[in-house]
>>> print(open('run_15.pdb').read())   # PDB, C-alpha atoms and all ligand atoms
ATOM      1  CA  MET C 236      23.127 -29.066 -12.997  1.00  0.00           C
ATOM      2  CA  LYS C 237      21.088 -31.659 -11.127  1.00  0.00           C
ATOM      3  CA  ALA C 238      24.089 -33.286  -9.477  1.00  0.00           C
ATOM      4  CA  THR C 239      25.450 -29.903  -8.421  1.00  0.00           C
ATOM      5  CA  ILE C 240      22.219 -28.779  -6.788  1.00  0.00           C
ATOM      6  CA  ILE C 241      21.858 -32.070  -4.959  1.00  0.00           C
ATOM      7  CA  SER C 242      25.425 -32.077  -3.689  1.00  0.00           C
ATOM      8  CA  ASN C 243      25.086 -28.414  -2.681  1.00  0.00           C
ATOM      9  CA  ILE C 244      22.004 -29.267  -0.625  1.00  0.00           C
ATOM     10  CA  GLN C 245      23.888 -32.097   1.042  1.00  0.00           C
ATOM     11  CA  ALA C 246      26.728 -29.720   1.853  1.00  0.00           C
ATOM     12  CA  VAL C 247      24.347 -27.142   3.351  1.00  0.00           C
ATOM     13  CA  ARG C 248      22.571 -29.851   5.367  1.00  0.00           C
ATOM     14  CA  GLN C 249      25.984 -30.923   6.609  1.00  0.00           C
ATOM     15  CA  ARG C 250      26.829 -27.359   7.643  1.00  0.00           C
ATOM     16  CA  ILE C 251      23.531 -27.095   9.503  1.00  0.00           C
ATOM     17  CA  LYS C 252      24.223 -30.362  11.292  1.00  0.00           C
ATOM     18  CA  ALA C 253      27.760 -29.362  12.242  1.00  0.00           C
ATOM     19  CA  ALA C 254      26.566 -25.979  13.543  1.00  0.00           C
ATOM     20  CA  CYS C 255      23.835 -27.694  15.596  1.00  0.00           C
ATOM     21  CA  ASN C 256      26.334 -30.146  17.056  1.00  0.00           C
ATOM     22  CA  LEU C 257      28.654 -27.331  18.000  1.00  0.00           C
ATOM     23  CA  ALA C 258      25.827 -25.413  19.667  1.00  0.00           C
ATOM     24  CA  GLY C 259      24.421 -28.495  21.362  1.00  0.00           C
ATOM     25  CA  ARG C 260      21.161 -28.071  19.482  1.00  0.00           C
ATOM     26  CA  ASP C 261      18.830 -30.622  17.912  1.00  0.00           C
ATOM     27  CA  VAL C 262      19.075 -30.517  14.108  1.00  0.00           C
ATOM     28  CA  GLN C 263      15.275 -30.965  13.988  1.00  0.00           C
ATOM     29  CA  ASP C 264      14.914 -27.476  15.431  1.00  0.00           C
ATOM     30  CA  VAL C 265      16.438 -25.828  12.372  1.00  0.00           C
ATOM     31  CA  GLN C 266      14.474 -25.716   9.133  1.00  0.00           C
ATOM     32  CA  LEU C 267      16.030 -25.016   5.752  1.00  0.00           C
ATOM     33  CA  LEU C 268      14.191 -22.532   3.546  1.00  0.00           C
ATOM     34  CA  LEU C 269      15.310 -22.364  -0.069  1.00  0.00           C
ATOM     35  CA  ALA C 270      15.665 -18.713  -1.098  1.00  0.00           C
ATOM     36  CA  THR C 271      14.645 -19.072  -4.733  1.00  0.00           C
ATOM     37  CA  LYS C 272      14.738 -15.510  -6.091  1.00  0.00           C
ATOM     38  CA  THR C 273      15.973 -15.496  -9.704  1.00  0.00           C
ATOM     39  CA  VAL C 274      16.127 -19.327  -9.681  1.00  0.00           C
ATOM     40  CA  PRO C 275      14.247 -20.925 -12.589  1.00  0.00           C
ATOM     41  CA  PRO C 276      11.524 -23.506 -11.837  1.00  0.00           C
ATOM     42  CA  GLU C 277      13.545 -26.464 -13.199  1.00  0.00           C
ATOM     43  CA  LYS C 278      16.202 -25.875 -10.589  1.00  0.00           C
ATOM     44  CA  ILE C 279      13.697 -25.411  -7.795  1.00  0.00           C
ATOM     45  CA  ARG C 280      12.065 -28.690  -8.801  1.00  0.00           C
ATOM     46  CA  ILE C 281      15.370 -30.551  -8.514  1.00  0.00           C
ATOM     47  CA  ALA C 282      15.758 -29.321  -4.934  1.00  0.00           C
ATOM     48  CA  ILE C 283      12.187 -30.286  -4.050  1.00  0.00           C
ATOM     49  CA  GLU C 284      12.573 -33.719  -5.579  1.00  0.00           C
ATOM     50  CA  ALA C 285      15.696 -34.114  -3.449  1.00  0.00           C
ATOM     51  CA  GLY C 286      13.441 -33.763  -0.407  1.00  0.00           C
ATOM     52  CA  GLU C 287      13.242 -30.048   0.379  1.00  0.00           C
ATOM     53  CA  THR C 288       9.816 -28.697   1.352  1.00  0.00           C
ATOM     54  CA  LEU C 289      10.049 -24.968   2.023  1.00  0.00           C
ATOM     55  CA  ILE C 290      10.740 -22.123  -0.390  1.00  0.00           C
ATOM     56  CA  GLY C 291      10.787 -18.346  -0.107  1.00  0.00           C
ATOM     57  CA  GLU C 292      10.494 -15.718  -2.829  1.00  0.00           C
ATOM     58  CA  ASN C 293      11.182 -11.982  -2.639  1.00  0.00           C
ATOM     59  CA  LYS C 294       8.873 -10.768  -5.380  1.00  0.00           C
ATOM     60  CA  VAL C 295       5.206 -11.406  -5.979  1.00  0.00           C
ATOM     61  CA  GLN C 296       5.912 -11.353  -9.694  1.00  0.00           C
ATOM     62  CA  GLU C 297       8.256 -14.320  -9.341  1.00  0.00           C
ATOM     63  CA  PHE C 298       5.639 -16.386  -7.547  1.00  0.00           C
ATOM     64  CA  ARG C 299       3.281 -15.593 -10.396  1.00  0.00           C
ATOM     65  CA  ASP C 300       5.805 -16.434 -13.113  1.00  0.00           C
ATOM     66  CA  LYS C 301       6.805 -19.757 -11.541  1.00  0.00           C
ATOM     67  CA  GLN C 302       3.369 -20.776 -10.323  1.00  0.00           C
ATOM     68  CA  GLU C 303       2.324 -22.874 -13.269  1.00  0.00           C
ATOM     69  CA  ALA C 304       5.574 -24.814 -13.477  1.00  0.00           C
ATOM     70  CA  LEU C 305       5.560 -25.623  -9.768  1.00  0.00           C
ATOM     71  CA  GLN C 306       1.900 -25.942  -8.890  1.00  0.00           C
ATOM     72  CA  ASP C 307       1.934 -29.740  -8.590  1.00  0.00           C
ATOM     73  CA  LEU C 308       4.570 -29.630  -5.857  1.00  0.00           C
ATOM     74  CA  HIS C 309       3.467 -29.963  -2.262  1.00  0.00           C
ATOM     75  CA  ILE C 310       5.631 -27.316  -0.698  1.00  0.00           C
ATOM     76  CA  GLU C 311       5.302 -24.546   1.796  1.00  0.00           C
ATOM     77  CA  ARG C 312       5.728 -21.070   0.321  1.00  0.00           C
ATOM     78  CA  HIS C 313       6.826 -18.022   2.277  1.00  0.00           C
ATOM     79  CA  PHE C 314       7.270 -14.431   1.196  1.00  0.00           C
ATOM     80  CA  ILE C 315      10.637 -13.074   2.369  1.00  0.00           C
ATOM     81  CA  GLY C 316      11.112  -9.835   0.404  1.00  0.00           C
ATOM     82  CA  HIS C 317      10.025  -6.257   0.842  1.00  0.00           C
ATOM     83  CA  LEU C 318       6.257  -6.163   0.418  1.00  0.00           C
ATOM     84  CA  GLN C 319       4.482  -3.136  -0.970  1.00  0.00           C
ATOM     85  CA  THR C 320       0.936  -2.580   0.267  1.00  0.00           C
ATOM     86  CA  ASN C 321      -0.438  -2.643  -3.278  1.00  0.00           C
ATOM     87  CA  LYS C 322       0.850  -6.218  -3.699  1.00  0.00           C
ATOM     88  CA  VAL C 323      -0.909  -7.616  -0.649  1.00  0.00           C
ATOM     89  CA  LYS C 324      -3.907  -8.985  -2.505  1.00  0.00           C
ATOM     90  CA  ASP C 325      -1.689 -10.779  -5.002  1.00  0.00           C
ATOM     91  CA  VAL C 326       0.818 -12.243  -2.580  1.00  0.00           C
ATOM     92  CA  LEU C 327      -1.944 -13.910  -0.579  1.00  0.00           C
ATOM     93  CA  LYS C 328      -2.704 -16.119  -3.579  1.00  0.00           C
ATOM     94  CA  TYR C 329       0.687 -17.766  -3.266  1.00  0.00           C
ATOM     95  CA  VAL C 330       1.860 -17.931   0.332  1.00  0.00           C
ATOM     96  CA  SER C 331       0.971 -19.327   3.731  1.00  0.00           C
ATOM     97  CA  CYS C 332       3.411 -17.090   5.551  1.00  0.00           C
ATOM     98  CA  ILE C 333       4.893 -13.612   5.210  1.00  0.00           C
ATOM     99  CA  GLN C 334       8.247 -13.292   6.938  1.00  0.00           C
ATOM    100  CA  SER C 335       8.766  -9.629   6.147  1.00  0.00           C
ATOM    101  CA  LEU C 336       6.025  -7.845   8.084  1.00  0.00           C
ATOM    102  CA  ASP C 337       7.806  -4.697   9.163  1.00  0.00           C
ATOM    103  CA  ARG C 338       5.343  -1.844   9.499  1.00  0.00           C
ATOM    104  CA  ILE C 339       1.895  -0.925  10.741  1.00  0.00           C
ATOM    105  CA  VAL C 340       0.504   0.201   7.372  1.00  0.00           C
ATOM    106  CA  LEU C 341       1.357  -3.198   5.939  1.00  0.00           C
ATOM    107  CA  ALA C 342      -0.297  -4.984   8.881  1.00  0.00           C
ATOM    108  CA  GLN C 343      -3.401  -2.844   8.348  1.00  0.00           C
ATOM    109  CA  GLU C 344      -3.549  -3.680   4.672  1.00  0.00           C
ATOM    110  CA  LEU C 345      -3.000  -7.404   5.317  1.00  0.00           C
ATOM    111  CA  ASP C 346      -5.745  -7.415   7.929  1.00  0.00           C
ATOM    112  CA  LYS C 347      -8.181  -5.718   5.578  1.00  0.00           C
ATOM    113  CA  ARG C 348      -7.561  -8.266   2.870  1.00  0.00           C
ATOM    114  CA  LEU C 349      -7.556 -11.272   5.216  1.00  0.00           C
ATOM    115  CA  GLN C 350     -10.858 -10.103   6.713  1.00  0.00           C
ATOM    116  CA  SER C 351     -12.469  -9.918   3.310  1.00  0.00           C
ATOM    117  CA  GLU C 352     -11.154 -13.359   2.361  1.00  0.00           C
ATOM    118  CA  GLY C 353     -12.133 -14.809   5.733  1.00  0.00           C
ATOM    119  CA  ARG C 354      -8.745 -16.317   6.360  1.00  0.00           C
ATOM    120  CA  SER C 355      -5.756 -15.974   8.629  1.00  0.00           C
ATOM    121  CA  LEU C 356      -2.035 -15.861   7.958  1.00  0.00           C
ATOM    122  CA  ASP C 357       1.245 -16.761   9.643  1.00  0.00           C
ATOM    123  CA  VAL C 358       3.703 -13.894   9.843  1.00  0.00           C
ATOM    124  CA  PHE C 359       7.182 -13.115  11.070  1.00  0.00           C
ATOM    125  CA  ILE C 360       8.124  -9.621  12.177  1.00  0.00           C
ATOM    126  CA  GLN C 361      11.185  -8.465  10.247  1.00  0.00           C
ATOM    127  CA  VAL C 362      13.590  -6.526  12.440  1.00  0.00           C
ATOM    128  CA  ASN C 363      16.495  -4.396  11.295  1.00  0.00           C
ATOM    129  CA  THR C 364      18.970  -5.713  13.842  1.00  0.00           C
ATOM    130  CA  SER C 365      22.021  -4.457  11.962  1.00  0.00           C
ATOM    131  CA  TYR C 366      20.796  -0.850  12.117  1.00  0.00           C
ATOM    132  CA  GLU C 367      21.871  -0.405   8.492  1.00  0.00           C
ATOM    133  CA  GLU C 368      19.872   2.346   6.826  1.00  0.00           C
ATOM    134  CA  SER C 369      19.795   0.366   3.622  1.00  0.00           C
ATOM    135  CA  LYS C 370      17.898  -2.514   5.207  1.00  0.00           C
ATOM    136  CA  PHE C 371      14.184  -2.974   5.635  1.00  0.00           C
ATOM    137  CA  GLY C 372      12.723  -4.128   8.929  1.00  0.00           C
ATOM    138  CA  VAL C 373      11.241  -2.469  11.983  1.00  0.00           C
ATOM    139  CA  ALA C 374      13.722  -0.836  14.357  1.00  0.00           C
ATOM    140  CA  PRO C 375      14.486  -3.001  17.412  1.00  0.00           C
ATOM    141  CA  GLU C 376      12.988  -0.311  19.669  1.00  0.00           C
ATOM    142  CA  ALA C 377       9.678  -0.420  17.787  1.00  0.00           C
ATOM    143  CA  VAL C 378       9.152  -4.185  17.639  1.00  0.00           C
ATOM    144  CA  GLU C 379       6.884  -4.371  20.648  1.00  0.00           C
ATOM    145  CA  THR C 380       4.535  -1.680  19.370  1.00  0.00           C
ATOM    146  CA  LEU C 381       4.276  -3.397  15.997  1.00  0.00           C
ATOM    147  CA  ILE C 382       3.590  -6.765  17.634  1.00  0.00           C
ATOM    148  CA  LYS C 383       0.794  -5.295  19.748  1.00  0.00           C
ATOM    149  CA  ASN C 384      -0.694  -3.732  16.639  1.00  0.00           C
ATOM    150  CA  VAL C 385      -0.550  -7.012  14.693  1.00  0.00           C
ATOM    151  CA  GLN C 386      -2.055  -8.954  17.596  1.00  0.00           C
ATOM    152  CA  SER C 387      -4.937  -6.497  17.887  1.00  0.00           C
ATOM    153  CA  TYR C 388      -6.381  -7.513  14.509  1.00  0.00           C
ATOM    154  CA  GLY C 389      -6.726 -11.228  15.160  1.00  0.00           C
ATOM    155  CA  THR C 390      -6.167 -12.217  11.521  1.00  0.00           C
ATOM    156  CA  MET C 391      -2.422 -12.782  11.778  1.00  0.00           C
ATOM    157  CA  HIS C 392      -0.556 -15.336  13.855  1.00  0.00           C
ATOM    158  CA  ILE C 393       2.912 -14.148  14.786  1.00  0.00           C
ATOM    159  CA  LYS C 394       5.162 -17.173  14.389  1.00  0.00           C
ATOM    160  CA  GLY C 395       8.478 -15.494  14.860  1.00  0.00           C
ATOM    161  CA  LEU C 396      11.028 -12.793  14.206  1.00  0.00           C
ATOM    162  CA  MET C 397      13.114 -12.477  11.069  1.00  0.00           C
ATOM    163  CA  THR C 398      16.295 -10.594  10.322  1.00  0.00           C
ATOM    164  CA  ILE C 399      18.898 -10.181   7.631  1.00  0.00           C
ATOM    165  CA  GLY C 400      22.132 -10.037   9.569  1.00  0.00           C
ATOM    166  CA  LEU C 401      25.073  -7.791   8.913  1.00  0.00           C
ATOM    167  CA  LEU C 402      27.259  -9.590   6.409  1.00  0.00           C
ATOM    168  CA  ASP C 403      30.992  -9.370   6.846  1.00  0.00           C
ATOM    169  CA  VAL C 404      34.012 -11.514   6.118  1.00  0.00           C
ATOM    170  CA  GLU C 405      34.589 -11.939   9.849  1.00  0.00           C
ATOM    171  CA  VAL C 406      32.159 -14.150  11.714  1.00  0.00           C
ATOM    172  CA  GLU C 407      32.549 -12.152  14.905  1.00  0.00           C
ATOM    173  CA  LYS C 408      31.288  -9.022  13.151  1.00  0.00           C
ATOM    174  CA  MET C 409      28.177 -10.833  11.928  1.00  0.00           C
ATOM    175  CA  ARG C 410      27.219 -12.227  15.280  1.00  0.00           C
ATOM    176  CA  PRO C 411      25.875  -9.179  17.182  1.00  0.00           C
ATOM    177  CA  SER C 412      23.017  -8.503  14.749  1.00  0.00           C
ATOM    178  CA  LEU C 413      21.993 -12.170  15.016  1.00  0.00           C
ATOM    179  CA  ARG C 414      22.313 -12.250  18.780  1.00  0.00           C
ATOM    180  CA  LEU C 415      20.145  -9.135  18.999  1.00  0.00           C
ATOM    181  CA  LEU C 416      17.179 -10.945  17.454  1.00  0.00           C
ATOM    182  CA  ARG C 417      17.383 -13.590  20.176  1.00  0.00           C
ATOM    183  CA  GLU C 418      17.703 -10.885  22.824  1.00  0.00           C
ATOM    184  CA  ILE C 419      14.647  -9.078  21.475  1.00  0.00           C
ATOM    185  CA  ARG C 420      12.666 -12.300  21.815  1.00  0.00           C
ATOM    186  CA  GLU C 421      13.844 -12.601  25.412  1.00  0.00           C
ATOM    187  CA  ARG C 422      12.941  -9.000  26.163  1.00  0.00           C
ATOM    188  CA  LEU C 423       9.485  -9.534  24.714  1.00  0.00           C
ATOM    189  CA  GLY C 424       9.022 -12.558  26.957  1.00  0.00           C
ATOM    190  CA  MET C 425       7.787 -14.584  23.987  1.00  0.00           C
ATOM    191  CA  PRO C 426       9.988 -17.722  23.979  1.00  0.00           C
ATOM    192  CA  GLN C 427       7.588 -19.471  21.611  1.00  0.00           C
ATOM    193  CA  LEU C 428       8.612 -17.190  18.731  1.00  0.00           C
ATOM    194  CA  GLN C 429      10.831 -18.777  16.088  1.00  0.00           C
ATOM    195  CA  LEU C 430      13.893 -16.999  14.777  1.00  0.00           C
ATOM    196  CA  SER C 431      14.387 -16.820  11.011  1.00  0.00           C
ATOM    197  CA  MET C 432      17.988 -15.820  10.419  1.00  0.00           C
ATOM    198  CA  GLY C 433      21.116 -17.054   8.692  1.00  0.00           C
ATOM    199  CA  MET C 434      21.865 -17.168   4.965  1.00  0.00           C
ATOM    200  CA  SER C 435      24.634 -18.743   2.879  1.00  0.00           C
ATOM    201  CA  GLN C 436      27.285 -16.644   4.528  1.00  0.00           C
ATOM    202  CA  ASP C 437      26.167 -16.591   8.135  1.00  0.00           C
ATOM    203  CA  LEU C 438      24.185 -19.731   8.817  1.00  0.00           C
ATOM    204  CA  GLU C 439      26.697 -21.036  11.371  1.00  0.00           C
ATOM    205  CA  PRO C 440      26.667 -17.993  13.669  1.00  0.00           C
ATOM    206  CA  ALA C 441      22.879 -17.755  13.178  1.00  0.00           C
ATOM    207  CA  ILE C 442      22.412 -21.328  14.393  1.00  0.00           C
ATOM    208  CA  ALA C 443      24.776 -20.649  17.291  1.00  0.00           C
ATOM    209  CA  GLU C 444      22.492 -17.747  18.238  1.00  0.00           C
ATOM    210  CA  GLY C 445      19.359 -19.862  18.084  1.00  0.00           C
ATOM    211  CA  SER C 446      18.029 -19.673  14.521  1.00  0.00           C
ATOM    212  CA  ASN C 447      15.083 -21.952  13.702  1.00  0.00           C
ATOM    213  CA  ILE C 448      14.932 -21.185   9.968  1.00  0.00           C
ATOM    214  CA  VAL C 449      17.967 -20.579   7.803  1.00  0.00           C
ATOM    215  CA  ARG C 450      17.225 -19.097   4.372  1.00  0.00           C
ATOM    216  CA  VAL C 451      19.753 -20.251   1.801  1.00  0.00           C
ATOM    217  CA  GLY C 452      20.064 -19.339  -1.868  1.00  0.00           C
ATOM    218  CA  THR C 453      23.598 -18.920  -3.187  1.00  0.00           C
ATOM    219  CA  SER C 454      25.137 -21.978  -1.503  1.00  0.00           C
ATOM    220  CA  ILE C 455      22.523 -24.165  -3.189  1.00  0.00           C
ATOM    221  CA  PHE C 456      21.701 -22.531  -6.517  1.00  0.00           C
ATOM    222  CA  GLY C 457      24.897 -20.610  -7.173  1.00  0.00           C
ATOM    223  CA  ASN C 458      25.529 -16.960  -7.789  1.00  0.00           C
ATOM    224  CA  ARG C 459      22.669 -14.644  -8.725  1.00  0.00           C
ATOM    225  CA  PHE C 460      24.647 -12.205 -10.825  1.00  0.00           C
ATOM    226  CA  LEU C 461      22.612 -11.693 -13.964  1.00  0.00           C
ATOM    227  CA  GLY C 462      24.890  -9.884 -16.329  1.00  0.00           C
ATOM    228  CA  LYS C 463      25.771  -6.770 -14.386  1.00  0.00           C
ATOM    229  CA  GLU C 464      22.624  -6.612 -12.341  1.00  0.00           C
ATOM    230  CA  ILE C 465      23.094  -7.304  -8.677  1.00  0.00           C
ATOM    231  CA  TRP C 466      20.119  -8.405  -6.657  1.00  0.00           C
ATOM    232  CA  ASN C 467      19.680  -5.720  -4.046  1.00  0.00           C
ATOM    233  CA  GLU C 468      15.952  -5.977  -3.508  1.00  0.00           C
ATOM    234  CA  ASN C 469      16.402  -6.282   0.247  1.00  0.00           C
ATOM    235  CA  GLU C 470      18.002  -2.944   0.377  1.00  0.00           C
ATOM    236  CA  ASN C 471      16.251   0.375   0.077  1.00  0.00           C
ATOM    237  CA  ILE C 472      18.425   1.314  -2.869  1.00  0.00           C
ATOM    238  CA  SER C 473      16.408   1.230  -6.073  1.00  0.00           C
TER
HETATM  239  C1  LIG M 501      18.418 -13.747  -0.988  1.00  0.00           C
HETATM  240  C2  LIG M 501      17.948 -13.910   0.404  1.00  0.00           C
HETATM  241  C3  LIG M 501      18.416 -14.941   1.221  1.00  0.00           C
HETATM  242  C4  LIG M 501      19.474 -15.936   0.776  1.00  0.00           C
HETATM  243  O1  LIG M 501      20.699 -15.315   0.632  1.00  0.00           O
HETATM  244  P1  LIG M 501      21.980 -16.133   0.106  1.00  0.00           P
HETATM  245  O2  LIG M 501      23.114 -15.314   0.531  1.00  0.00           O
HETATM  246  O3  LIG M 501      21.846 -16.262  -1.358  1.00  0.00           O
HETATM  247  O4  LIG M 501      21.935 -17.473   0.771  1.00  0.00           O
HETATM  248  C5  LIG M 501      17.895 -15.036   2.501  1.00  0.00           C
HETATM  249  N1  LIG M 501      16.966 -14.185   2.950  1.00  0.00           N
HETATM  250  C6  LIG M 501      16.489 -13.183   2.205  1.00  0.00           C
HETATM  251  C7  LIG M 501      15.470 -12.276   2.766  1.00  0.00           C
HETATM  252  C8  LIG M 501      16.972 -13.012   0.911  1.00  0.00           C
HETATM  253  O5  LIG M 501      16.506 -12.002   0.160  1.00  0.00           O
END
>>> encode(input="run_15.pdb", output="structure tokens")
Amino acid sequence: MKATIISNIQAVRQRIKAACNLAGRDVQDVQLLLATKTVPPEKIRIAIEAGETLIGENKVQEFRDKQEALQDLHIERHFIGHLQTNKVKDVLKYVSCIQSLDRIVLAQELDKRLQSEGRSLDVFIQVNTSYEESKFGVAPEAVETLIKNVQSYGTMHIKGLMTIGLLDVEVEKMRPSLRLLREIRERLGMPQLQLSMGMSQDLEPAIAEGSNIVRVGTSIFGNRFLGKEIWNENENIS
């Protein structure tokens, strides 16, 4: 198990490097986030001991369950899943960044809680660039309004934009929803924003389109099929 995880990380790092070379980009400008949903703490620890420093979970419950086993590790923790407003208080115990801020009510709730704790938080605005009804994320047309709303509170620092691209077997079909995130950043006139996009299947086109954070699970930890249950938390299907 250990050898597999370590060689998988090396393979993913190699893919990132090759994609950067092809795009003429500096490999330092692309961070690897380990998407650790359903991954047990022992496996996460192997990846961290191999030198990784950034993880993302999709459920508050999973942060809670894994907290004790991983609390000695000096890592950065991001929330990357759909966040319900009633989980805001809890999630803030575990993370320094929420990548899935996608609606005004959630921004309001975060602000309220951050105010009362006297702290601030890094956030990414999640955008539904694939226009799939099943996906969370603010509509591309509504990004600017959401950003203005978030900025008006002063408790959240917008670090970037995040998307889950359209997955397809053909790279050329995946590219437009990734390119759109970069174009939205251009339209906003906010070149300082980072782009969080690219997963196991589409990290190459994501890097070609300017990704600064690729979020990888399957290519490192293997398949998430648990019996017959398929992880579809990022989709509105329940
Ligand atoms: C699961 C997940 C990933 C990683 O997907 P893989 O295909 O397993 O690499 C990335 N981002 C989000 C938001 C996820 O939920």
>>> residues_around(input="run_15.pdb", residues="Ala253 of chain C", least_positions_apart="5", cutoff="9 Å", atoms="all atoms listed in the file", output="PyMOL selection string")
chain C and resi 248+258+262+439
>>> residues_near_ligand(input="run_15.pdb", ligand="ligand LIG 501 (chain M)", cutoff="10 Å", atoms="all atoms listed in the file", output="VMD selection string")
chain C and resid 268 to 273 291 to 294 314 to 317 334 to 335 361 371 397 to 400 402 431 to 438 449 to 459 466 to 470
>>> closest_residue(input="run_15.pdb", among="C:Lys370, C:Cys332, C:Leu267, C:Lys347", to="Arg250 of chain C", atoms="only C-alpha atoms")
C:Leu267
>>> resolve_selection(input="run_15.pdb", expression="the PyMOL selection byres (((chain C and resi 409-412) around 10) and not hetatm)", output="MDAnalysis selection string")
chainID C and resid 362:366 398:408 413:418 432:433 436:437 439:441 443:444
>>> atom_distance(input="run_15.pdb", atom1="atom CA of Leu396 of chain C", atom2="atom CA of Lys383 of chain C")
13.8 Å
>>> atom_distance(input="run_15.pdb", atom1="atom CA of Asp357 of chain C", atom2="atom CA of Val326 of chain C")
13.0 Å
>>> resolve_selection(input="run_15.pdb", expression="the PyMOL selection byres (((chain C and resi 261) around 12) and not hetatm)", output="number ranges by chain")
C: 251-260, 262-266, 442-443, 445-447
>>> write_last_selection(input="run_15.pdb", atoms="C-alpha atoms", output="CSV table (one decimal), in the frame of the given file")
chain,number,residue,atom,x,y,z
C,251,ILE,CA,23.5,-27.1,9.5
C,252,LYS,CA,24.2,-30.4,11.3
C,253,ALA,CA,27.8,-29.4,12.2
C,254,ALA,CA,26.6,-26.0,13.5
C,255,CYS,CA,23.8,-27.7,15.6
C,256,ASN,CA,26.3,-30.1,17.1
C,257,LEU,CA,28.7,-27.3,18.0
C,258,ALA,CA,25.8,-25.4,19.7
C,259,GLY,CA,24.4,-28.5,21.4
C,260,ARG,CA,21.2,-28.1,19.5
C,262,VAL,CA,19.1,-30.5,14.1
C,263,GLN,CA,15.3,-31.0,14.0
C,264,ASP,CA,14.9,-27.5,15.4
C,265,VAL,CA,16.4,-25.8,12.4
C,266,GLN,CA,14.5,-25.7,9.1
C,442,ILE,CA,22.4,-21.3,14.4
C,443,ALA,CA,24.8,-20.6,17.3
C,445,GLY,CA,19.4,-19.9,18.1
C,446,SER,CA,18.0,-19.7,14.5
C,447,ASN,CA,15.1,-22.0,13.7
>>> residues_around(input="run_15.pdb", residues="His309 of chain C", least_positions_apart="4", cutoff="10 Å", atoms="only C-alpha atoms", output="short mmCIF file (atom, residue, chain, number, x, y, z; two decimals) with C-alpha atoms, in the coordinates of the input")
data_model
loop_
_atom_site.label_atom_id
_atom_site.label_comp_id
_atom_site.auth_asym_id
_atom_site.auth_seq_id
_atom_site.Cartn_x
_atom_site.Cartn_y
_atom_site.Cartn_z
CA ILE C 283 12.19 -30.29 -4.05
CA THR C 288 9.82 -28.70 1.35
CA LEU C 289 10.05 -24.97 2.02
CA LEU C 305 5.56 -25.62 -9.77
#
>>> closest_residue(input="run_15.pdb", among="C:Leu336, C:Met236, C:Val373, C:Ala304", to="Leu318 of chain C", atoms="only C-alpha atoms")
C:Leu336
>>> resolve_selection(input="run_15.pdb", expression="the PyMOL selection byres (((chain C and resi 323) around 9) and not hetatm)", output="ChimeraX atom specification")
/C:295,318-322,324-327,341,344-345,348
>>> closest_residue(input="run_15.pdb", among="C:Lys237, C:His392, C:Arg299, C:Arg420", to="Asp346 of chain C", atoms="all atoms listed in the file")
C:His392
>>> closest_residue(input="run_15.pdb", among="C:Glu368, C:Glu352, C:Glu379, C:Asp307", to="Ile339 of chain C", atoms="only C-alpha atoms")
C:Glu379
>>> closest_residue(input="run_15.pdb", among="C:Asp337, C:Val358, C:Ser351, C:Pro426", to="Val378 of chain C", atoms="all atoms listed in the file")
C:Asp337
>>> atom_distance(input="run_15.pdb", atom1="atom CA of Thr380 of chain C", atom2="atom CA of Gly395 of chain C")
15.1 Å
>>> axis_aligned_box(input="run_15.pdb", around="segment 379-387 of chain C", padding_each_side="4 Å", output="AutoDock Vina command-line options")
--center_x 1.0 --center_y -5.3 --center_z 17.7 --size_x 19.8 --size_y 15.3 --size_z 14.0
>>> closest_residue(input="run_15.pdb", among="C:Glu287, C:Ile393, C:Ile279, C:Val340", to="Val247 of chain C", atoms="only C-alpha atoms")
C:Glu287
